[in-house]
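Please read the structure below before turning to the comments.
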Amino acid sequence: MPRRRIGFWYRFAAVICKPPLVVLIKRDWRGMENIPADGGFITVVNHNSHIDPFAYAHFQYNTGRVPRFLAKSGLFKKGLVGAAMRGTGQIPVYRESTDALSAFRAAIDAVQRGECVAFYPEGTLTRDPDGWPMTGKTGAARVALQTKCPVVPVAQWGANELLPPYAKKPNLLPRKTHHVLAGPPVDLSRFYDKEMTPELLKEATEVIMAAITGLLEQIRGEKAPAVPYDPRRERIEQRRRTQAQARLRSQGRTAAVASKEPAAREAVREEGQGT
């Protein structure tokens, strides 16, 4: 997208946000050549800090192709934040929608208009203990298969060292480096023109997440876990552990009561004999 189409609100946001980002973090940005010069496309990015959307937006702004992020619809309604969200062309997600495709209709439309839509396919900050990407949600794959647009995987690291996940205070010193590595588009052609079943969307999403994770391995110089962290699986395991602990406590109480019953019966017998 030519810079002349970035618009007032995006330029205004850049004037506000870029100076503190330049002061707070150094930049190691690679792969800008993989950002398409024209046409609609998707970027899929890992998420490990509350400030990495700003740091990543800075990277992509400098490519001349500004990202349109998906954000909850409530942010668009009031005040300066709402005006900025609307003015910069961010995409509202109406969480109350029960139709997954309808929830991403605006993203599909934006891609078809030649825009870039940026997805955080994990859906939230990673909960992996070491900051690796988790399993992804299928929204990005759904839009990609619907539009057959390029899907550019992007890995980032460093904003999480400035502000770790769920931390309330930044770690300013020493000055951190924001690493970004954008890779070539993911090949999803084998999924085209097929029924978008949950299984197909899950497989396509796994391909996308593997591409992001591979890029992050290059940035970090180490291997990711063989099996990505799965919040759903972890919730199930936690529920099982809780239920097992509850059963053990219940069995312990039952055993304790049972052990006291003979003594209680003997005390009653002796009391009866005494009277």
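Residues are referred to by chain and number: the chain letter is A, B, ... according to the order shown in the structure tokens, the number counts from 1 in that chain, and ligands are numbered separately from 1 in the order shown.
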- Message: Need to verify the contact set: Ala55 of chain A, 8 Å, only C-alpha atoms, exclusion of same-chain residues closer than 3 positions in sequence. Can you return it as a ChimeraX atom specification?
- Response: /A:21,51-52,58-59,159,178
Go ahead and write the residues just picked, all heavy atoms, as a PDB file, in the first residue's frame.
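Result file follows (again24.pdb):
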ATOM      1  N   LEU A  21       8.718   4.476  21.561  1.00  0.00           N
ATOM      2  CA  LEU A  21       9.218   3.165  21.133  1.00  0.00           C
ATOM      3  C   LEU A  21      10.681   3.254  20.712  1.00  0.00           C
ATOM      4  O   LEU A  21      11.492   2.376  21.040  1.00  0.00           O
ATOM      5  CB  LEU A  21       8.374   2.629  19.980  1.00  0.00           C
ATOM      6  CG  LEU A  21       6.951   2.187  20.332  1.00  0.00           C
ATOM      7  CD1 LEU A  21       6.161   1.892  19.059  1.00  0.00           C
ATOM      8  CD2 LEU A  21       6.969   0.959  21.231  1.00  0.00           C
ATOM      9  N   ILE A  51       2.580  -4.827  25.019  1.00  0.00           N
ATOM     10  CA  ILE A  51       3.033  -3.711  24.179  1.00  0.00           C
ATOM     11  C   ILE A  51       3.505  -4.178  22.810  1.00  0.00           C
ATOM     12  O   ILE A  51       3.837  -3.347  21.964  1.00  0.00           O
ATOM     13  CB  ILE A  51       4.137  -2.881  24.859  1.00  0.00           C
ATOM     14  CG1 ILE A  51       5.399  -3.723  25.077  1.00  0.00           C
ATOM     15  CG2 ILE A  51       3.647  -2.282  26.154  1.00  0.00           C
ATOM     16  CD1 ILE A  51       6.585  -2.884  25.530  1.00  0.00           C
ATOM     17  N   ASP A  52       3.527  -5.489  22.561  1.00  0.00           N
ATOM     18  CA  ASP A  52       4.053  -5.898  21.258  1.00  0.00           C
ATOM     19  C   ASP A  52       3.144  -5.510  20.084  1.00  0.00           C
ATOM     20  O   ASP A  52       3.644  -5.386  18.959  1.00  0.00           O
ATOM     21  CB  ASP A  52       4.456  -7.368  21.230  1.00  0.00           C
ATOM     22  CG  ASP A  52       3.313  -8.368  21.325  1.00  0.00           C
ATOM     23  OD1 ASP A  52       2.264  -8.161  20.710  1.00  0.00           O
ATOM     24  OD2 ASP A  52       3.502  -9.380  22.023  1.00  0.00           O
ATOM     25  N   HIS A  58       4.783  -0.675  14.575  1.00  0.00           N
ATOM     26  CA  HIS A  58       5.880   0.208  14.170  1.00  0.00           C
ATOM     27  C   HIS A  58       6.680  -0.435  13.028  1.00  0.00           C
ATOM     28  O   HIS A  58       6.982   0.208  12.016  1.00  0.00           O
ATOM     29  CB  HIS A  58       6.783   0.472  15.381  1.00  0.00           C
ATOM     30  CG  HIS A  58       7.869   1.476  15.130  1.00  0.00           C
ATOM     31  ND1 HIS A  58       8.917   1.659  15.999  1.00  0.00           N
ATOM     32  CD2 HIS A  58       8.081   2.337  14.101  1.00  0.00           C
ATOM     33  CE1 HIS A  58       9.712   2.599  15.530  1.00  0.00           C
ATOM     34  NE2 HIS A  58       9.231   3.020  14.376  1.00  0.00           N
ATOM     35  N   PHE A  59       6.996  -1.723  13.187  1.00  0.00           N
ATOM     36  CA  PHE A  59       7.710  -2.455  12.139  1.00  0.00           C
ATOM     37  C   PHE A  59       6.941  -2.403  10.820  1.00  0.00           C
ATOM     38  O   PHE A  59       7.488  -2.043   9.773  1.00  0.00           O
ATOM     39  CB  PHE A  59       7.915  -3.910  12.577  1.00  0.00           C
ATOM     40  CG  PHE A  59       8.258  -4.857  11.454  1.00  0.00           C
ATOM     41  CD1 PHE A  59       9.556  -4.961  10.994  1.00  0.00           C
ATOM     42  CD2 PHE A  59       7.275  -5.652  10.870  1.00  0.00           C
ATOM     43  CE1 PHE A  59       9.882  -5.836   9.957  1.00  0.00           C
ATOM     44  CE2 PHE A  59       7.587  -6.537   9.834  1.00  0.00           C
ATOM     45  CZ  PHE A  59       8.900  -6.618   9.375  1.00  0.00           C
ATOM     46  N   ALA A 159       9.848  -7.308  23.071  1.00  0.00           N
ATOM     47  CA  ALA A 159       8.866  -6.500  23.805  1.00  0.00           C
ATOM     48  C   ALA A 159       8.501  -7.177  25.113  1.00  0.00           C
ATOM     49  O   ALA A 159       8.236  -6.514  26.121  1.00  0.00           O
ATOM     50  CB  ALA A 159       7.619  -6.285  22.951  1.00  0.00           C
ATOM     51  N   HIS A 178      13.983  -5.116  20.151  1.00  0.00           N
ATOM     52  CA  HIS A 178      12.799  -5.750  19.573  1.00  0.00           C
ATOM     53  C   HIS A 178      13.216  -6.424  18.269  1.00  0.00           C
ATOM     54  O   HIS A 178      13.583  -5.778  17.293  1.00  0.00           O
ATOM     55  CB  HIS A 178      11.721  -4.695  19.298  1.00  0.00           C
ATOM     56  CG  HIS A 178      10.456  -5.263  18.748  1.00  0.00           C
ATOM     57  ND1 HIS A 178       9.809  -4.736  17.656  1.00  0.00           N
ATOM     58  CD2 HIS A 178       9.701  -6.320  19.143  1.00  0.00           C
ATOM     59  CE1 HIS A 178       8.719  -5.430  17.405  1.00  0.00           C
ATOM     60  NE2 HIS A 178       8.638  -6.407  18.288  1.00  0.00           N
TER      61      HIS A 178
END
Against segment 213-234 of chain A, which residues of segment 35-123 of chain A fall within 10 Å? For each one I want the closest pair of atoms and the distance in Å (one decimal), counting only C-alpha atoms, rows by chain and increasing residue number, as CSV.
residue,atom,partner,partner_atom,distance
A:Val45,CA,A:Thr213,CA,9.8
A:Asn46,CA,A:Thr213,CA,8.3
A:Glu122,CA,A:Asp230,CA,9.9
- Test item: residues at most 7 Å from segment 71-76 of chain A, only C-alpha atoms, excluding those fewer than 2 positions along its chain, as a ChimeraX atom specification: /A:69,78,81-83,85-86,91-94
- Query: If you run DSSP on the backbone, which residues of segment 137-207 of chain A are strand (DSSP E), as a count of residues only?
  - Reply: 14
Quick one: residues within 12 Å of Arg11 of chain A, only C-alpha atoms, excluding same-chain residues fewer than 4 positions away - as a CSV table (one decimal) with N, CA and C atoms, in the first residue's frame?
chain,number,residue,atom,x,y,z
A,3,ARG,N,2.3,4.9,0.8
A,3,ARG,CA,2.2,5.6,2.0
A,3,ARG,C,1.2,6.7,2.0
A,4,ARG,N,0.9,7.2,0.8
A,4,ARG,CA,-0.1,8.3,0.7
A,4,ARG,C,-1.5,7.8,1.2
A,5,ARG,N,-1.7,6.4,1.2
A,5,ARG,CA,-3.0,5.9,1.6
A,5,ARG,C,-3.1,5.6,3.1
A,6,ILE,N,-2.0,5.8,3.8
A,6,ILE,CA,-2.0,5.5,5.3
A,6,ILE,C,-3.0,6.3,6.0
A,7,GLY,N,-3.2,7.6,5.7
A,7,GLY,CA,-4.2,8.4,6.3
A,7,GLY,C,-3.8,9.1,7.5
A,15,VAL,N,2.9,9.5,15.2
A,15,VAL,CA,3.5,10.6,15.8
A,15,VAL,C,3.5,10.5,17.3
A,16,ILE,N,2.4,9.9,17.9
A,16,ILE,CA,2.3,9.7,19.3
A,16,ILE,C,3.1,8.5,19.8
A,17,CYS,N,3.1,7.4,19.1
A,17,CYS,CA,3.7,6.2,19.6
A,17,CYS,C,5.1,5.9,19.2
A,18,LYS,N,5.6,6.4,18.0
A,18,LYS,CA,6.9,6.1,17.6
A,18,LYS,C,8.0,6.6,18.5
A,57,ALA,N,3.4,-3.0,15.1
A,57,ALA,CA,2.8,-2.0,14.2
A,57,ALA,C,3.8,-1.0,13.7
A,58,HIS,N,4.8,-0.7,14.6
A,58,HIS,CA,5.9,0.2,14.2
A,58,HIS,C,6.7,-0.4,13.0
A,61,TYR,N,4.4,-0.5,9.9
A,61,TYR,CA,4.2,0.9,9.4
A,61,TYR,C,5.4,1.3,8.5
A,62,ASN,N,6.6,0.9,9.0
A,62,ASN,CA,7.8,1.3,8.2
A,62,ASN,C,7.9,0.6,6.9
A,64,GLY,N,5.4,0.5,4.9
A,64,GLY,CA,4.4,1.2,4.0
A,64,GLY,C,3.1,0.5,3.9
A,66,VAL,N,0.4,-0.6,6.3
A,66,VAL,CA,-0.1,-0.6,7.7
A,66,VAL,C,-1.0,-1.7,8.0
A,84,ALA,N,-9.8,6.9,17.1
A,84,ALA,CA,-8.6,6.4,16.5
A,84,ALA,C,-8.7,5.0,15.9
A,87,GLY,N,-10.6,5.5,12.8
A,87,GLY,CA,-9.9,6.3,11.8
A,87,GLY,C,-8.7,5.5,11.2
A,88,THR,N,-8.1,4.7,12.0
A,88,THR,CA,-7.0,3.9,11.5
A,88,THR,C,-7.4,2.6,10.8
- Any idea what's packed within 8 Å of Pro67 of chain A, counting only C-alpha atoms, ignoring anything in its chain fewer than 4 positions away? Could you give it as a PyMOL selection string? chain A and resi 57+60-61+115-118
Print the selection's residues with all heavy atoms to a file, as a PDB file, in the first residue's frame.
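After the write, part14.pdb holds the following:
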ATOM      1  N   ALA A  57       3.365  -2.987  15.128  1.00  0.00           N
ATOM      2  CA  ALA A  57       2.762  -2.006  14.213  1.00  0.00           C
ATOM      3  C   ALA A  57       3.822  -1.023  13.710  1.00  0.00           C
ATOM      4  O   ALA A  57       3.779  -0.591  12.547  1.00  0.00           O
ATOM      5  CB  ALA A  57       1.627  -1.267  14.911  1.00  0.00           C
ATOM      6  N   GLN A  60       5.670  -2.750  10.874  1.00  0.00           N
ATOM      7  CA  GLN A  60       4.934  -2.846   9.616  1.00  0.00           C
ATOM      8  C   GLN A  60       4.611  -1.477   9.037  1.00  0.00           C
ATOM      9  O   GLN A  60       4.565  -1.310   7.819  1.00  0.00           O
ATOM     10  CB  GLN A  60       3.658  -3.680   9.783  1.00  0.00           C
ATOM     11  CG  GLN A  60       3.175  -4.167   8.419  1.00  0.00           C
ATOM     12  CD  GLN A  60       2.079  -5.182   8.493  1.00  0.00           C
ATOM     13  OE1 GLN A  60       2.115  -6.079   9.324  1.00  0.00           O
ATOM     14  NE2 GLN A  60       1.084  -5.025   7.635  1.00  0.00           N
ATOM     15  N   TYR A  61       4.413  -0.478   9.890  1.00  0.00           N
ATOM     16  CA  TYR A  61       4.213   0.888   9.399  1.00  0.00           C
ATOM     17  C   TYR A  61       5.399   1.313   8.539  1.00  0.00           C
ATOM     18  O   TYR A  61       5.240   1.964   7.504  1.00  0.00           O
ATOM     19  CB  TYR A  61       4.044   1.831  10.588  1.00  0.00           C
ATOM     20  CG  TYR A  61       3.813   3.279  10.236  1.00  0.00           C
ATOM     21  CD1 TYR A  61       2.528   3.786  10.090  1.00  0.00           C
ATOM     22  CD2 TYR A  61       4.890   4.156  10.071  1.00  0.00           C
ATOM     23  CE1 TYR A  61       2.312   5.124   9.770  1.00  0.00           C
ATOM     24  CE2 TYR A  61       4.687   5.490   9.752  1.00  0.00           C
ATOM     25  CZ  TYR A  61       3.399   5.970   9.601  1.00  0.00           C
ATOM     26  OH  TYR A  61       3.187   7.295   9.289  1.00  0.00           O
ATOM     27  N   GLU A 115      -6.220  -4.588   1.544  1.00  0.00           N
ATOM     28  CA  GLU A 115      -5.624  -4.205   2.823  1.00  0.00           C
ATOM     29  C   GLU A 115      -4.794  -5.351   3.403  1.00  0.00           C
ATOM     30  O   GLU A 115      -4.891  -6.508   2.971  1.00  0.00           O
ATOM     31  CB  GLU A 115      -6.723  -3.834   3.822  1.00  0.00           C
ATOM     32  CG  GLU A 115      -7.648  -2.727   3.380  1.00  0.00           C
ATOM     33  CD  GLU A 115      -7.087  -1.356   3.689  1.00  0.00           C
ATOM     34  OE1 GLU A 115      -5.945  -1.281   4.188  1.00  0.00           O
ATOM     35  OE2 GLU A 115      -7.786  -0.366   3.425  1.00  0.00           O
ATOM     36  N   CYS A 116      -4.000  -5.007   4.424  1.00  0.00           N
ATOM     37  CA  CYS A 116      -3.326  -6.017   5.236  1.00  0.00           C
ATOM     38  C   CYS A 116      -4.087  -6.171   6.538  1.00  0.00           C
ATOM     39  O   CYS A 116      -4.371  -5.180   7.223  1.00  0.00           O
ATOM     40  CB  CYS A 116      -1.891  -5.610   5.551  1.00  0.00           C
ATOM     41  SG  CYS A 116      -1.146  -6.627   6.862  1.00  0.00           S
ATOM     42  N   VAL A 117      -4.415  -7.403   6.895  1.00  0.00           N
ATOM     43  CA  VAL A 117      -5.047  -7.690   8.181  1.00  0.00           C
ATOM     44  C   VAL A 117      -4.052  -8.483   9.027  1.00  0.00           C
ATOM     45  O   VAL A 117      -3.523  -9.510   8.581  1.00  0.00           O
ATOM     46  CB  VAL A 117      -6.349  -8.498   8.007  1.00  0.00           C
ATOM     47  CG1 VAL A 117      -6.962  -8.821   9.368  1.00  0.00           C
ATOM     48  CG2 VAL A 117      -7.342  -7.722   7.154  1.00  0.00           C
ATOM     49  N   ALA A 118      -3.776  -7.983  10.231  1.00  0.00           N
ATOM     50  CA  ALA A 118      -2.824  -8.631  11.139  1.00  0.00           C
ATOM     51  C   ALA A 118      -3.585  -9.464  12.156  1.00  0.00           C
ATOM     52  O   ALA A 118      -4.464  -8.959  12.851  1.00  0.00           O
ATOM     53  CB  ALA A 118      -1.970  -7.584  11.839  1.00  0.00           C
TER      54      ALA A 118
END
- Task: Using DSSP on the backbone coordinates, identify the residues of segment 137-241 of chain A assigned to helix (DSSP H, G or I); present them as JSON, numbers by chain.
- Result: {"A": [139, 140, 141, 142, 143, 144, 145, 146, 147, 159, 160, 161, 162, 189, 190, 191, 198, 199, 200, 201, 202, 203, 204, 205, 206, 207, 208, 209, 210, 211, 212, 213, 214, 215, 216, 217, 218, 219, 220, 231, 232, 233, 234, 235, 236, 237, 238, 239, 240, 241]}
Closest atom pairs, segment 192-211 of chain A residues within 10 Å of segment 145-153 of chain A, only C-alpha atoms, as CSV:
residue,atom,partner,partner_atom,distance
A:Tyr192,CA,A:Leu145,CA,6.0
A:Asp193,CA,A:Leu145,CA,8.0
A:Lys194,CA,A:Leu145,CA,9.0
A:Met196,CA,A:Leu145,CA,8.2
A:Leu201,CA,A:Leu145,CA,8.8
A:Ala204,CA,A:Leu145,CA,8.9
A:Ile208,CA,A:Pro153,CA,7.1
A:Met209,CA,A:Pro153,CA,8.2
A:Ala210,CA,A:Pro153,CA,9.3
A:Ala211,CA,A:Pro153,CA,6.2
- Message: For a quick check of understanding, using only C-alpha atoms, which of A:Tyr10, A:Ala155, A:Tyr56, A:Ala167 has the smallest distance to Gly89 of chain A?
- Response: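 Smallest distance to Gly89 of chain A is found for A:Tyr10.
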- Task: Find the residues around Pro164 of chain A up to 12 Å (only C-alpha atoms counted), leave out those fewer than 2 positions away in its own chain, and share them as a PyMOL selection string.
- Result: chain A and resi 47-52+125-127+129-131+157-162+166-172+176
Take the selection from the previous step and output its residues with N, CA and C atoms, as a compact mmCIF listing (two decimals), in the first residue's frame.
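The result, written out as part.txt:
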# COMPACT_ATOMS: atom_id res chain seq x y z
N HIS A 47 2.36 -13.49 20.03
CA HIS A 47 1.92 -12.46 21.00
C HIS A 47 2.46 -12.81 22.38
N ASN A 48 3.41 -11.98 22.88
CA ASN A 48 4.01 -12.29 24.17
C ASN A 48 4.14 -11.10 25.12
N SER A 49 3.52 -9.97 24.76
CA SER A 49 3.56 -8.80 25.64
C SER A 49 2.39 -7.87 25.28
N HIS A 50 1.91 -7.16 26.29
CA HIS A 50 0.83 -6.21 26.02
C HIS A 50 1.27 -5.06 25.13
N ILE A 51 2.58 -4.83 25.02
CA ILE A 51 3.03 -3.71 24.18
C ILE A 51 3.50 -4.18 22.81
N ASP A 52 3.53 -5.49 22.56
CA ASP A 52 4.05 -5.90 21.26
C ASP A 52 3.14 -5.51 20.08
N LEU A 125 -2.25 -13.45 24.93
CA LEU A 125 -0.84 -13.61 25.28
C LEU A 125 -0.51 -15.08 25.47
N THR A 126 0.66 -15.49 24.98
CA THR A 126 1.04 -16.87 25.17
C THR A 126 1.13 -17.23 26.66
N ARG A 127 0.69 -18.42 26.97
CA ARG A 127 0.81 -18.93 28.33
C ARG A 127 1.91 -19.99 28.43
N PRO A 129 5.26 -21.36 29.33
CA PRO A 129 6.17 -20.85 30.38
C PRO A 129 7.43 -20.19 29.82
N ASP A 130 7.87 -20.59 28.64
CA ASP A 130 9.10 -20.04 28.06
C ASP A 130 8.82 -19.08 26.91
N GLY A 131 7.57 -18.69 26.74
CA GLY A 131 7.24 -17.67 25.76
C GLY A 131 7.10 -18.14 24.33
N TRP A 157 10.27 -10.90 19.22
CA TRP A 157 10.81 -11.19 20.53
C TRP A 157 11.50 -9.93 21.05
N GLY A 158 11.31 -9.61 22.31
CA GLY A 158 11.99 -8.46 22.91
C GLY A 158 11.05 -7.53 23.64
N ALA A 159 9.85 -7.31 23.07
CA ALA A 159 8.87 -6.50 23.80
C ALA A 159 8.50 -7.18 25.11
N ASN A 160 8.53 -8.51 25.12
CA ASN A 160 8.24 -9.27 26.33
C ASN A 160 9.32 -9.11 27.39
N GLU A 161 10.52 -8.74 26.99
CA GLU A 161 11.58 -8.47 27.96
C GLU A 161 11.43 -7.08 28.56
N LEU A 162 10.85 -6.18 27.77
CA LEU A 162 10.55 -4.84 28.29
C LEU A 162 9.34 -4.89 29.22
N TYR A 166 1.62 -10.12 31.51
CA TYR A 166 0.85 -9.90 32.74
C TYR A 166 1.61 -9.09 33.80
N ALA A 167 2.79 -8.58 33.45
CA ALA A 167 3.52 -7.71 34.38
C ALA A 167 2.87 -6.33 34.39
N LYS A 168 3.00 -5.62 35.50
CA LYS A 168 2.40 -4.29 35.63
C LYS A 168 3.42 -3.18 35.42
N LYS A 169 4.71 -3.50 35.60
CA LYS A 169 5.74 -2.47 35.45
C LYS A 169 6.76 -2.91 34.41
N PRO A 170 7.20 -1.98 33.55
CA PRO A 170 8.20 -2.34 32.54
C PRO A 170 9.58 -2.48 33.16
N ASN A 171 10.40 -3.27 32.50
CA ASN A 171 11.80 -3.46 32.89
C ASN A 171 12.64 -2.65 31.90
N LEU A 172 12.92 -1.40 32.25
CA LEU A 172 13.47 -0.44 31.29
C LEU A 172 14.95 -0.62 31.01
N LYS A 176 16.18 -2.78 25.83
CA LYS A 176 15.89 -4.04 25.17
C LYS A 176 15.90 -3.87 23.64
- Nearest candidate to Leu24 of chain A (options A:Thr177, A:Gln112, A:Thr138, A:Gln156; using only C-alpha atoms): A:Thr177
- Message: Using only C-alpha atoms for the distances, tell me which of A:Gly39, A:Asn34, A:Phe8, A:Arg65 is nearest to Arg113 of chain A.
- Response: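 The answer is A:Gly39, which sits nearest to Arg113 of chain A.
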